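Student: Provided herewith is a single structure, encoded as structure tokens, for subsequent inquiry.
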Amino acid sequence: MNILQWLTAATPILSVFLFLIILRLPATKAMPLSLGATFILAIFVWKVPSIQVVAASFEGIIIALSILWIVFGAILLLNTLKNSGAMQAIKNGFLGITKDRRVQLIIIAWLFGSFIEGAAGFGTPAAIGAPLLVALGFPALSAAVLALIADSSAVSFGAAGTPVIVGVDQGLRQGASVSPIVADQLGTRSMESLLQSVASQAVFIDLFVGSFIPLILVVILTRFFGENRSWLEGLKIWKFALFAGFSFTVPAFIVATFLGPEFPSIIGGLVGLVIVIPAVKKGFLLPEEPWLFPEDDHVEQKNQEITLSLRRAWLPYILVALLLVLTRLEILPLKDWLMTLTLGWNEILGTDISTSFQPLYLPGTIFVVTVLLTIFIHKMTHNQVYEAFQTSVKTMIGSAIALGTAVPMVRIFINSGVNEADLMSMPMELAVAASELMSDKWPLVAPFIGALGSFISGSATFSNMMFSLFQFSVADQIHASHEVVLALQVLGANAGNMICVLNVVAAASVVGLLGKEGTIIRHTLVPMFFYAITSGIIGFLIIYFM
């Protein structure tokens, strides 16, 4: 690649950092500018046929619609619960467990979020967790940032293991068959055995990385969103934070090792909740003095008047979790029924680009169904329902602009392999250049390739599909463990989930922070680097010293 081609390949990344983070433009302005730059450079520098670029843009719009449906459902559920009085009851309920905001954050964002990620994926934990934190009195910016950071370790096995079962599996195939280089290494071993080894290896590394995420969460909370801007106030509960971290990662490791990649996040999240909540009630490893926001005294007085019982208030969230699990289990017919309705476009404009989605299967539909049930369960008035719907629709306008331009940009980037410049796709050219530069130090870089895939595509599953075969090939060239390198790809995809534009825009939308996407990414960037760098170092040590 020449210099101009280098810049073109990096445009979707550089433009996001320039417009969102450096110039601090809102996503409603930054993403259309980034799309325009990518569109023009793809045609004139990367020599992608204009019909391919337009087709990729249409593909992006269709995918954006599916994401917007999820975001709308999450916003509508939040506004419904606000208007019904459920959020007041939930606030008071958490005060019954603990007043400590650090502990509330760990329970909701880390443990409950991990369970939801395991059941649904699609960025659902941030869409549920961030608004719930806001409703409990967390500042909106802190809720978005911390929900995104927390939705990391569990992503490996989100949506019942999709990033591994579909992402890695499909990524190691060429067409319907396993790639020859993978087949040679497998021998008589099955693909399922390889995937289980990758899953187990990923969680083993995560025992030394992901287990620290709760501690990172509380430290960021107290340093950037507390009254005293103190690191120490977060570190004071380091024992409890690590206890909560291992309460998820250890069960997840056991499940991944013995049962496979489908349920580590679901079971890990549930076991973590069962272990941690009783421990919190007993004050286990917690200081006597709770950590509060300055305005909490006022909030506590305000929340004394509630109109719903705690059980009825939590029932919508319980229904969401239950419906997500039931509609994802292969042994039940619900999944097949919901996936019978497919919307999409095959061979868009005569190209090889096709896309589709199942609207009934998306978490957004689960949210809307739950809203309809909540209206009757909470006996809401017509005015309450209308106000919730009207507010939710108004909130979606900015999100539609941001996501409607961000996703097409991503799809142009990914579909750029069809070109007249004799180049691979832009992300693959960047990855190959990185592998040539790093050689046997590749394990240190492998997670960042996974993060690149998630940052651009907005999906850990797609990152694994995009780069798994590439990672496998590099591992083969440097004579490194294929399982470890693929595990680093999976973990890197988790890390990228914290900063990917699609998730950030969605999280900003559900807490009313559209336009603050750059600020959110500036807060999540350092945890993302910690997750990727630490994973790479541990993977490097495993490959060369164990």
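Residues in the structure tokens are numbered from 1 in each chain, the chains being A, B, ... in the order shown, and ligands are numbered from 1 in the order shown.
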Skip Ile108 of chain A itself and residues of its chain fewer than 4 positions away, then list as a CSV table (one decimal) with C-alpha atoms, in the first residue's frame all residues within 8 Å of it, counting only C-alpha atoms.
Tutor:
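Ended up saving to around-v3.csv:
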chain,number,residue,atom,x,y,z
A,104,GLN,CA,-25.0,-1.0,43.1
A,112,PHE,CA,-26.9,-8.4,35.8
A,113,GLY,CA,-25.3,-7.0,32.7
A,129,GLY,CA,-28.2,-1.3,32.4
A,133,LEU,CA,-28.4,3.2,36.5
Student: List the neighbours of Ser211 of chain A out to 7 Å using only C-alpha atoms; skip same-chain residues closer than 5 positions along the sequence, and give me the result as a ChimeraX atom specification.
Tutor: /A:206,242,245-246,249
Student: With C-alpha atoms kept, could you save the residues just selected as a PDB file, in the first residue's frame?
Tutor:
ATOM      1  CA  ASP A 206      -9.986 -13.602  31.462  1.00  0.00           C
ATOM      2  CA  LEU A 242     -12.253  -8.714  43.103  1.00  0.00           C
ATOM      3  CA  GLY A 245     -15.113 -10.237  39.578  1.00  0.00           C
ATOM      4  CA  PHE A 246     -14.199 -13.834  40.350  1.00  0.00           C
ATOM      5  CA  THR A 249     -15.274 -15.407  35.837  1.00  0.00           C
TER       6      THR A 249
END
Student: Within 10 Å of Asn503 of chain A, counting only C-alpha atoms, which residues qualify if same-chain residues fewer than 5 places away don't, as JSON, numbers by chain?
Tutor: {"A": [67, 71, 122, 123, 124, 126, 127, 144, 148, 403, 454, 455, 458, 459, 496, 497, 498, 508, 509, 517]}
Student: For the selection just defined, write its residues with N, CA, C and O atoms to a file, as a tab-separated table (two decimals), in the first residue's frame.
Tutor:
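Contents of the output file out_39.tsv:
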chain	number	residue	atom	x	y	z
A	67	ILE	N	-30.66	-2.17	14.55
A	67	ILE	CA	-30.09	-1.62	15.79
A	67	ILE	C	-31.02	-0.58	16.40
A	67	ILE	O	-31.23	-0.54	17.61
A	71	VAL	N	-32.66	-0.14	20.20
A	71	VAL	CA	-32.53	1.08	21.00
A	71	VAL	C	-33.91	1.65	21.35
A	71	VAL	O	-34.17	2.04	22.49
A	122	PHE	N	-26.10	-8.28	21.27
A	122	PHE	CA	-26.61	-7.12	20.52
A	122	PHE	C	-26.51	-5.80	21.28
A	122	PHE	O	-27.28	-4.88	21.03
A	123	GLY	N	-25.59	-5.69	22.24
A	123	GLY	CA	-25.50	-4.45	23.01
A	123	GLY	C	-26.62	-4.25	24.01
A	123	GLY	O	-26.78	-3.18	24.58
A	124	THR	N	-27.41	-5.32	24.24
A	124	THR	CA	-28.56	-5.21	25.13
A	124	THR	C	-28.20	-4.83	26.56
A	124	THR	O	-28.94	-4.06	27.19
A	126	ALA	N	-25.99	-2.75	27.83
A	126	ALA	CA	-25.88	-1.29	27.96
A	126	ALA	C	-27.23	-0.63	27.77
A	126	ALA	O	-27.56	0.35	28.44
A	127	ALA	N	-28.05	-1.18	26.87
A	127	ALA	CA	-29.37	-0.61	26.61
A	127	ALA	C	-30.30	-0.77	27.81
A	127	ALA	O	-31.21	0.05	28.00
A	144	ALA	N	-23.60	5.60	31.07
A	144	ALA	CA	-23.23	5.14	29.73
A	144	ALA	C	-21.82	4.57	29.71
A	144	ALA	O	-21.57	3.47	29.18
A	148	LEU	N	-20.86	0.42	29.35
A	148	LEU	CA	-20.06	-0.05	28.22
A	148	LEU	C	-18.82	-0.80	28.68
A	148	LEU	O	-18.45	-1.83	28.11
A	403	LEU	N	-26.67	6.56	13.67
A	403	LEU	CA	-26.51	5.15	13.29
A	403	LEU	C	-26.75	4.94	11.80
A	403	LEU	O	-26.12	4.10	11.17
A	454	SER	N	-14.30	-5.12	16.26
A	454	SER	CA	-15.50	-4.70	17.00
A	454	SER	C	-15.71	-3.20	16.91
A	454	SER	O	-16.84	-2.72	16.79
A	455	PHE	N	-14.61	-2.46	16.98
A	455	PHE	CA	-14.71	-0.99	16.91
A	455	PHE	C	-15.37	-0.56	15.61
A	455	PHE	O	-16.23	0.32	15.60
A	458	GLY	N	-18.99	-3.00	15.16
A	458	GLY	CA	-19.98	-2.93	16.22
A	458	GLY	C	-20.41	-4.28	16.74
A	458	GLY	O	-21.39	-4.39	17.48
A	459	SER	N	-19.66	-5.33	16.39
A	459	SER	CA	-20.07	-6.69	16.75
A	459	SER	C	-18.85	-7.56	17.00
A	459	SER	O	-18.00	-7.68	16.13
A	496	GLY	N	-12.94	-4.22	22.22
A	496	GLY	CA	-13.45	-3.27	21.24
A	496	GLY	C	-14.90	-2.91	21.46
A	496	GLY	O	-15.38	-1.84	21.04
A	497	ASN	N	-15.63	-3.79	22.15
A	497	ASN	CA	-17.03	-3.54	22.45
A	497	ASN	C	-17.21	-2.29	23.29
A	497	ASN	O	-18.25	-1.63	23.24
A	498	MET	N	-16.18	-1.93	24.07
A	498	MET	CA	-16.28	-0.76	24.95
A	498	MET	C	-16.27	0.56	24.18
A	498	MET	O	-16.79	1.57	24.67
A	508	ALA	N	-25.47	6.22	24.40
A	508	ALA	CA	-25.74	7.65	24.56
A	508	ALA	C	-27.21	7.95	24.34
A	508	ALA	O	-27.80	8.80	25.03
A	509	SER	N	-27.81	7.25	23.39
A	509	SER	CA	-29.22	7.49	23.06
A	509	SER	C	-30.14	7.15	24.22
A	509	SER	O	-31.07	7.90	24.55
A	517	GLU	N	-20.86	11.47	22.40
A	517	GLU	CA	-20.21	10.19	22.11
A	517	GLU	C	-18.70	10.26	22.28
A	517	GLU	O	-18.06	9.32	22.77
Student: Could you pull the residues within 12 Å of Leu4 of chain A, counting only C-alpha atoms, minus those fewer than 2 positions along the same chain, as JSON, numbers by chain?
Tutor: {"A": [1, 2, 6, 7, 8, 9, 10, 11, 41, 42, 44, 45, 46]}
Student: Next, the residues of the selection above should be written as a CSV table (one decimal), in the first residue's frame with C-alpha atoms.
Tutor:
chain,number,residue,atom,x,y,z
A,1,MET,CA,0.0,0.0,0.0
A,2,ASN,CA,1.1,3.5,-0.7
A,6,TRP,CA,-2.8,3.7,4.1
A,7,LEU,CA,-4.8,6.8,5.0
A,8,THR,CA,-7.8,5.5,3.1
A,9,ALA,CA,-7.8,2.2,5.0
A,10,ALA,CA,-7.5,4.0,8.3
A,11,THR,CA,-10.1,6.7,7.4
A,41,LEU,CA,-11.9,7.5,-0.8
A,42,ALA,CA,-13.2,4.0,-1.3
A,44,PHE,CA,-11.2,7.0,-6.0
A,45,VAL,CA,-8.3,5.6,-3.9
A,46,TRP,CA,-9.3,2.0,-3.1
Student: Show me, as number ranges by chain, the residues that have an atom within 8 Å of Ile499 of chain A when counting only C-alpha atoms, minus same-chain residues fewer than 5 positions from it.
Tutor: A: 148, 455, 504, 521, 524-525, 528
Student: I need the residues of segment 254-360 of chain A that end up classed as strand (DSSP E) by DSSP on the backbone, written out as a PyMOL selection string.
Tutor: chain A and resi 343-345+355-357
Student: Please, could you write that set of residues out with C-alpha atoms as a PDB file, in the first residue's frame?
Tutor:
ATOM      1  CA  LEU A 343     -36.459  -8.902   6.241  1.00  0.00           C
ATOM      2  CA  GLY A 344     -33.533  -8.071   4.004  1.00  0.00           C
ATOM      3  CA  TRP A 345     -32.137  -7.677   0.515  1.00  0.00           C
ATOM      4  CA  THR A 355     -28.157  -8.719   4.368  1.00  0.00           C
ATOM      5  CA  SER A 356     -31.164  -9.696   6.434  1.00  0.00           C
ATOM      6  CA  PHE A 357     -32.488  -9.689   9.973  1.00  0.00           C
TER       7      PHE A 357
END
Student: Mind checking which residues fall within 9 Å of segment 153-160 of chain A, counting only C-alpha atoms, ignoring those fewer than 5 positions away in the same chain, and posting them as a ChimeraX atom specification?
Tutor: /A:110,113-122,165,199,202-203,206,209-211,213,248-249,252,261-266,268-269,325,328-329,460-461,490-491,493-495,497
Student: Would you mind writing down, as a PyMOL selection string, each residue of segment 329-361 of chain A that DSSP on the backbone assigns to helix (DSSP H, G or I)?
Tutor: chain A and resi 334-338+348-350
Student: Between atom CA of Met380 of chain A and atom CA of Trp314 of chain A, what is the distance in Å, rounded to a tenth?
Tutor: 15.5 Å
Student: Return the single residue from A:Ile128, A:Leu541, A:Ala421, A:Ile61 that is closest to Ala321 of chain A, with distances computed using only C-alpha atoms.
Tutor: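 Ranking A:Ile128, A:Leu541, A:Ala421, A:Ile61 by distance to Ala321 of chain A, first place goes to A:Ile128.
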Student: Quick one: distance from atom CA of Ile21 of chain A to atom CA of Pro408 of chain A in Å, one decimal?
Tutor: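 Taking atom CA of Ile21 of chain A as the start and atom CA of Pro408 of chain A as the end point, the length is 20.3 Å.
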Student: Applying 7 Å and only C-alpha atoms, which residues near segment 381-386 of chain A remain after dropping the ones on its own chain fewer than 2 positions away? List them as a short mmCIF file (atom, residue, chain, number, x, y, z; two decimals) with N, CA, C and O atoms, in the first residue's frame.
Tutor:
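Contents of around-v2.cif, as written:
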data_model
loop_
_atom_site.label_atom_id
_atom_site.label_comp_id
_atom_site.auth_asym_id
_atom_site.auth_seq_id
_atom_site.Cartn_x
_atom_site.Cartn_y
_atom_site.Cartn_z
N THR A 80 -41.54 3.83 30.00
CA THR A 80 -42.74 3.18 30.54
C THR A 80 -42.60 2.95 32.05
O THR A 80 -43.53 3.23 32.83
N ASN A 83 -42.84 6.24 33.98
CA ASN A 83 -44.19 6.78 34.09
C ASN A 83 -45.10 5.93 34.97
O ASN A 83 -46.06 6.43 35.55
N LYS A 379 -51.09 -1.21 35.48
CA LYS A 379 -52.36 -0.49 35.39
C LYS A 379 -52.13 0.98 35.01
O LYS A 379 -52.61 1.91 35.69
N ALA A 388 -44.98 8.16 27.40
CA ALA A 388 -43.80 7.29 27.26
C ALA A 388 -43.46 7.08 25.79
O ALA A 388 -42.29 7.14 25.39
N PHE A 389 -44.48 6.83 24.98
CA PHE A 389 -44.26 6.59 23.55
C PHE A 389 -43.77 7.85 22.86
O PHE A 389 -42.82 7.81 22.06
N GLN A 390 -44.39 8.97 23.13
CA GLN A 390 -44.02 10.23 22.49
C GLN A 390 -42.58 10.61 22.84
O GLN A 390 -41.79 11.00 21.95
#
Student: Can you work out which one of A:Leu194, A:Val369, A:Val166, A:Leu221 has the shortest atom-to-atom distance to Leu292 of chain A, counting only C-alpha atoms?
Tutor: A:Leu221
Student: Using only C-alpha atoms, find the one residue out of A:Leu232, A:Ile414, A:Ala56, A:Val511 that sits nearest to Met396 of chain A.
Tutor: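 Ranking A:Leu232, A:Ile414, A:Ala56, A:Val511 by distance to Met396 of chain A, first place goes to A:Val511.
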Student: From the options A:Lys91, A:Ala431, A:Leu322, A:Leu146, which residue's atoms come nearest to Phe224 of chain A, counting only C-alpha atoms?
Tutor: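 Of A:Lys91, A:Ala431, A:Leu322, A:Leu146, the one nearest Phe224 of chain A, counting only C-alpha atoms, is A:Leu146.
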Student: Could you tell me which of A:Leu65, A:Ile366, A:Ala475, A:Ile107 comes closest to Ile275 of chain A if we count only C-alpha atoms?
Tutor: A:Ile107
Student: Record the distance separating atom CA of Met409 of chain A and atom CA of Gly492 of chain A, expressed in Å with one decimal.
Tutor: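 Separating atom CA of Met409 of chain A from atom CA of Gly492 of chain A is a distance of 21.6 Å.
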Student: When distances are computed from only C-alpha atoms, which of A:Tyr544, A:Phe17, A:Trp291, A:Phe472 shows the smallest separation from Gly226 of chain A?
Tutor: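 Nearest to Gly226 of chain A: A:Trp291.
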